[in-house]
>>> print(open('protein_33.cif').read())   # mmCIF, C-alpha atoms; chains and numbers go by the auth columns
data_final
loop_
_atom_site.group_PDB
_atom_site.id
_atom_site.type_symbol
_atom_site.label_atom_id
_atom_site.label_comp_id
_atom_site.label_asym_id
_atom_site.label_seq_id
_atom_site.Cartn_x
_atom_site.Cartn_y
_atom_site.Cartn_z
_atom_site.B_iso_or_equiv
_atom_site.auth_seq_id
_atom_site.auth_asym_id
ATOM 1 C CA MET A 1 71.877 97.805 -133.393 0.00 260 A
ATOM 2 C CA ALA A 2 74.290 94.913 -132.985 0.00 261 A
ATOM 3 C CA ASN A 3 76.678 93.173 -135.348 0.00 262 A
ATOM 4 C CA LYS A 4 78.114 89.700 -134.941 0.00 263 A
ATOM 5 C CA PRO A 5 79.902 88.343 -132.929 0.00 264 A
ATOM 6 C CA ASN A 6 77.892 90.104 -130.220 0.00 265 A
ATOM 7 C CA ARG A 7 76.790 87.780 -127.464 0.00 266 A
ATOM 8 C CA VAL A 8 73.291 86.609 -126.597 0.00 267 A
ATOM 9 C CA ARG A 9 72.734 85.016 -123.196 0.00 268 A
ATOM 10 C CA ALA A 10 69.577 83.325 -121.929 0.00 269 A
ATOM 11 C CA LEU A 11 68.711 84.390 -118.398 0.00 270 A
ATOM 12 C CA GLY A 12 68.405 81.636 -115.841 0.00 271 A
ATOM 13 C CA ASN A 13 70.591 78.995 -117.452 0.00 272 A
ATOM 14 C CA GLU A 14 73.806 80.861 -118.329 0.00 273 A
ATOM 15 C CA LEU A 15 73.501 79.728 -121.966 0.00 274 A
ATOM 16 C CA SER A 16 75.568 81.912 -124.281 0.00 275 A
ATOM 17 C CA THR A 17 75.907 82.174 -128.068 0.00 276 A
ATOM 18 C CA THR A 18 76.580 84.845 -130.709 0.00 277 A
ATOM 19 C CA LEU A 19 74.410 86.542 -133.300 0.00 278 A
ATOM 20 C CA SER A 20 74.658 85.038 -136.794 0.00 279 A
ATOM 21 C CA GLY A 21 74.234 88.424 -138.424 0.00 280 A
ATOM 22 C CA SER A 22 73.457 92.008 -137.640 0.00 281 A
ATOM 23 C CA ILE A 23 70.080 93.061 -136.256 0.00 282 A
ATOM 24 C CA SER A 24 68.287 96.392 -136.193 0.00 283 A
ATOM 25 C CA ASN A 25 66.555 97.872 -133.178 0.00 284 A
ATOM 26 C CA SER A 26 63.172 96.745 -134.515 0.00 285 A
ATOM 27 C CA ASP A 27 63.928 93.144 -135.558 0.00 286 A
ATOM 28 C CA THR A 28 61.760 90.537 -133.865 0.00 287 A
ATOM 29 C CA SER A 29 63.464 87.546 -135.472 0.00 288 A
ATOM 30 C CA ILE A 30 67.038 87.009 -134.287 0.00 289 A
ATOM 31 C CA THR A 31 69.262 84.278 -135.697 0.00 290 A
ATOM 32 C CA VAL A 32 71.999 82.997 -133.410 0.00 291 A
ATOM 33 C CA ALA A 33 74.990 80.768 -134.109 0.00 292 A
ATOM 34 C CA ASP A 34 73.695 78.005 -131.837 0.00 293 A
ATOM 35 C CA GLY A 35 70.151 77.876 -130.439 0.00 294 A
ATOM 36 C CA THR A 36 70.786 74.577 -128.645 0.00 295 A
ATOM 37 C CA GLY A 37 69.642 74.835 -125.055 0.00 296 A
ATOM 38 C CA PHE A 38 67.213 77.718 -125.517 0.00 297 A
ATOM 39 C CA GLY A 39 63.811 76.516 -124.346 0.00 298 A
ATOM 40 C CA ALA A 40 61.234 76.206 -127.146 0.00 299 A
ATOM 41 C CA SER A 41 58.881 78.457 -125.201 0.00 300 A
ATOM 42 C CA GLY A 42 61.520 81.180 -124.942 0.00 301 A
ATOM 43 C CA GLY A 43 62.204 83.467 -121.985 0.00 302 A
ATOM 44 C CA TYR A 44 64.358 86.497 -121.297 0.00 303 A
ATOM 45 C CA ALA A 45 67.704 86.980 -123.020 0.00 304 A
ATOM 46 C CA ILE A 46 70.409 89.641 -122.953 0.00 305 A
ATOM 47 C CA ILE A 47 72.101 90.942 -126.095 0.00 306 A
ATOM 48 C CA ASP A 48 75.557 92.503 -125.687 0.00 307 A
ATOM 49 C CA GLU A 49 75.684 91.864 -121.960 0.00 308 A
ATOM 50 C CA GLY A 50 78.082 94.217 -120.230 0.00 309 A
ATOM 51 C CA VAL A 51 78.675 96.395 -123.305 0.00 310 A
ATOM 52 C CA SER A 52 78.005 99.957 -122.162 0.00 311 A
ATOM 53 C CA GLY A 53 75.254 101.601 -124.177 0.00 312 A
ATOM 54 C CA LYS A 54 74.455 98.443 -126.157 0.00 313 A
ATOM 55 C CA GLU A 55 73.162 95.925 -123.596 0.00 314 A
ATOM 56 C CA GLU A 56 69.514 95.012 -124.202 0.00 315 A
ATOM 57 C CA VAL A 57 67.101 92.646 -122.463 0.00 316 A
ATOM 58 C CA VAL A 58 64.530 91.042 -124.783 0.00 317 A
ATOM 59 C CA TYR A 59 61.638 88.659 -124.227 0.00 318 A
ATOM 60 C CA VAL A 60 61.815 85.683 -126.587 0.00 319 A
ATOM 61 C CA GLU A 61 58.397 84.093 -127.094 0.00 320 A
ATOM 62 C CA SER A 62 59.570 81.077 -129.075 0.00 321 A
ATOM 63 C CA VAL A 63 62.676 79.351 -130.387 0.00 322 A
ATOM 64 C CA SER A 64 62.963 77.244 -133.536 0.00 323 A
ATOM 65 C CA SER A 65 66.396 75.813 -134.239 0.00 324 A
ATOM 66 C CA ASN A 66 68.689 78.870 -134.298 0.00 325 A
ATOM 67 C CA THR A 67 65.943 81.488 -134.648 0.00 326 A
ATOM 68 C CA LEU A 68 64.676 83.409 -131.637 0.00 327 A
ATOM 69 C CA THR A 69 61.294 85.088 -132.111 0.00 328 A
ATOM 70 C CA VAL A 70 60.944 88.145 -129.909 0.00 329 A
ATOM 71 C CA ALA A 71 57.483 89.018 -128.588 0.00 330 A
ATOM 72 C CA THR A 72 55.690 92.126 -129.830 0.00 331 A
ATOM 73 C CA ASP A 73 56.987 94.915 -127.568 0.00 332 A
ATOM 74 C CA GLY A 74 59.602 92.451 -126.297 0.00 333 A
ATOM 75 C CA ARG A 75 62.604 94.568 -127.324 0.00 334 A
ATOM 76 C CA GLY A 76 64.435 97.043 -125.105 0.00 335 A
ATOM 77 C CA LEU A 77 63.078 95.826 -121.785 0.00 336 A
ATOM 78 C CA ALA A 78 66.198 97.034 -120.002 0.00 337 A
#
>>> encode(input="protein_33.cif", output="structure tokens")
Amino acid sequence: MANKPNRVRALGNELSTTLSGSISNSDTSITVADGTGFGASGGYAIIDEGVSGKEEVVYVESVSSNTLTVATDGRGLA
């Protein structure tokens, strides 16, 4: 789906980072360049915000360092 340096933004706190590598449309583990500031309990995030045809809202259920774990059925929410 997306290749670096596509942006990932956490909703609610305007935090922004980039993907550390490419991800497919079924990946539920997403590594970002800098996970600092993402809440450990996760929340909603946008991948490729503003990029027509690529923007995706995901629900992140947990964060560990620079790895975001997306909930089952948490991909493609919008």
>>> residues_around(input="protein_33.cif", residues="stretch 289-300 of chain A", least_positions_apart="6", cutoff="6 Å", atoms="only C-alpha atoms", output="ChimeraX atom specification")
/A:277-279,320-322,324-327
>>> resolve_selection(input="protein_33.cif", expression="the PyMOL selection byres ((chain A and resi 333) around 10)", output="list in words")
Ser285, Thr287, Tyr303, Val316, Val317, Tyr318, Val319, Glu320, Thr328, Val329, Ala330, Thr331, Asp332, Arg334, Gly335 and Leu336 of chain A
>>> atom_distance(input="protein_33.cif", atom1="atom CA of A:Gly309", atom2="atom CA of A:Ser323")
26.3 Å
>>> atom_distance(input="protein_33.cif", atom1="atom CA of A:Ala337", atom2="atom CA of A:Ile282")
17.2 Å
>>> atom_distance(input="protein_33.cif", atom1="atom CA of A:Asp307", atom2="atom CA of A:Ser275")
10.7 Å
>>> residues_near_point(input="protein_33.cif", point="(70.3, 90.8, -124.2)", cutoff="6 Å", atoms="all atoms listed in the file", output="list in words")
Val267, Ala304, Ile305, Ile306, Asp307, Glu308, Glu314, Glu315, Val316 and Val317 of chain A
>>> build_atoms(input="protein_33.cif", residues="stretch 278-303 of chain A", atoms="N, CA, C and O atoms", output="tab-separated table (two decimals), keeping the file's coordinate frame")
chain	number	residue	atom	x	y	z
A	278	LEU	N	75.32	86.27	-132.20
A	278	LEU	CA	74.41	86.54	-133.30
A	278	LEU	C	75.02	86.01	-134.59
A	278	LEU	O	76.23	86.07	-134.77
A	279	SER	N	74.17	85.52	-135.50
A	279	SER	CA	74.66	85.04	-136.79
A	279	SER	C	74.77	86.15	-137.82
A	279	SER	O	75.38	85.98	-138.86
A	280	GLY	N	74.18	87.28	-137.53
A	280	GLY	CA	74.23	88.42	-138.42
A	280	GLY	C	73.82	89.66	-137.66
A	280	GLY	O	73.49	89.59	-136.48
A	281	SER	N	73.83	90.78	-138.32
A	281	SER	CA	73.46	92.01	-137.64
A	281	SER	C	71.94	92.08	-137.49
A	281	SER	O	71.19	91.44	-138.23
A	282	ILE	N	71.50	92.84	-136.49
A	282	ILE	CA	70.08	93.06	-136.26
A	282	ILE	C	69.85	94.56	-136.08
A	282	ILE	O	70.75	95.28	-135.67
A	283	SER	N	68.65	94.99	-136.41
A	283	SER	CA	68.29	96.39	-136.19
A	283	SER	C	67.53	96.49	-134.87
A	283	SER	O	67.17	95.47	-134.28
A	284	ASN	N	67.25	97.70	-134.45
A	284	ASN	CA	66.56	97.87	-133.18
A	284	ASN	C	65.08	97.52	-133.24
A	284	ASN	O	64.40	97.57	-132.23
A	285	SER	N	64.57	97.14	-134.41
A	285	SER	CA	63.17	96.74	-134.51
A	285	SER	C	62.97	95.29	-134.92
A	285	SER	O	61.83	94.82	-135.00
A	286	ASP	N	64.05	94.55	-135.16
A	286	ASP	CA	63.93	93.14	-135.56
A	286	ASP	C	63.29	92.32	-134.45
A	286	ASP	O	63.63	92.47	-133.28
A	287	THR	N	62.37	91.44	-134.83
A	287	THR	CA	61.76	90.54	-133.86
A	287	THR	C	62.11	89.08	-134.17
A	287	THR	O	61.64	88.18	-133.49
A	288	SER	N	62.94	88.87	-135.16
A	288	SER	CA	63.46	87.55	-135.47
A	288	SER	C	64.98	87.66	-135.42
A	288	SER	O	65.58	88.43	-136.18
A	289	ILE	N	65.60	86.92	-134.51
A	289	ILE	CA	67.04	87.01	-134.29
A	289	ILE	C	67.65	85.62	-134.50
A	289	ILE	O	67.26	84.67	-133.84
A	290	THR	N	68.59	85.54	-135.43
A	290	THR	CA	69.26	84.28	-135.70
A	290	THR	C	70.58	84.25	-134.93
A	290	THR	O	71.37	85.20	-135.00
A	291	VAL	N	70.78	83.16	-134.20
A	291	VAL	CA	72.00	83.00	-133.41
A	291	VAL	C	72.82	81.85	-133.98
A	291	VAL	O	72.32	81.02	-134.72
A	292	ALA	N	74.09	81.81	-133.61
A	292	ALA	CA	74.99	80.77	-134.11
A	292	ALA	C	74.57	79.39	-133.63
A	292	ALA	O	74.67	78.41	-134.37
A	293	ASP	N	74.08	79.30	-132.40
A	293	ASP	CA	73.69	78.00	-131.84
A	293	ASP	C	72.53	78.19	-130.86
A	293	ASP	O	72.71	78.72	-129.78
A	294	GLY	N	71.34	77.75	-131.27
A	294	GLY	CA	70.15	77.88	-130.44
A	294	GLY	C	69.95	76.70	-129.50
A	294	GLY	O	68.97	76.66	-128.74
A	295	THR	N	70.88	75.74	-129.52
A	295	THR	CA	70.79	74.58	-128.65
A	295	THR	C	70.74	75.01	-127.19
A	295	THR	O	71.56	75.81	-126.74
A	296	GLY	N	69.75	74.52	-126.47
A	296	GLY	CA	69.64	74.83	-125.06
A	296	GLY	C	68.63	75.92	-124.74
A	296	GLY	O	68.16	76.02	-123.62
A	297	PHE	N	68.28	76.76	-125.73
A	297	PHE	CA	67.21	77.72	-125.52
A	297	PHE	C	65.91	76.93	-125.44
A	297	PHE	O	65.64	76.09	-126.28
A	298	GLY	N	65.09	77.20	-124.46
A	298	GLY	CA	63.81	76.52	-124.35
A	298	GLY	C	62.89	76.90	-125.49
A	298	GLY	O	62.87	78.05	-125.92
A	299	ALA	N	62.13	75.95	-126.01
A	299	ALA	CA	61.23	76.21	-127.15
A	299	ALA	C	60.22	77.30	-126.84
A	299	ALA	O	59.76	78.00	-127.73
A	300	SER	N	59.87	77.45	-125.57
A	300	SER	CA	58.88	78.46	-125.20
A	300	SER	C	59.53	79.81	-124.90
A	300	SER	O	58.85	80.76	-124.54
A	301	GLY	N	60.84	79.91	-125.07
A	301	GLY	CA	61.52	81.18	-124.94
A	301	GLY	C	61.82	81.58	-123.51
A	301	GLY	O	61.99	80.75	-122.63
A	302	GLY	N	61.85	82.88	-123.27
A	302	GLY	CA	62.20	83.47	-121.98
A	302	GLY	C	62.99	84.75	-122.22
A	302	GLY	O	63.03	85.27	-123.33
A	303	TYR	N	63.58	85.26	-121.18
A	303	TYR	CA	64.36	86.50	-121.30
A	303	TYR	C	65.78	86.19	-121.75
A	303	TYR	O	66.36	85.18	-121.38
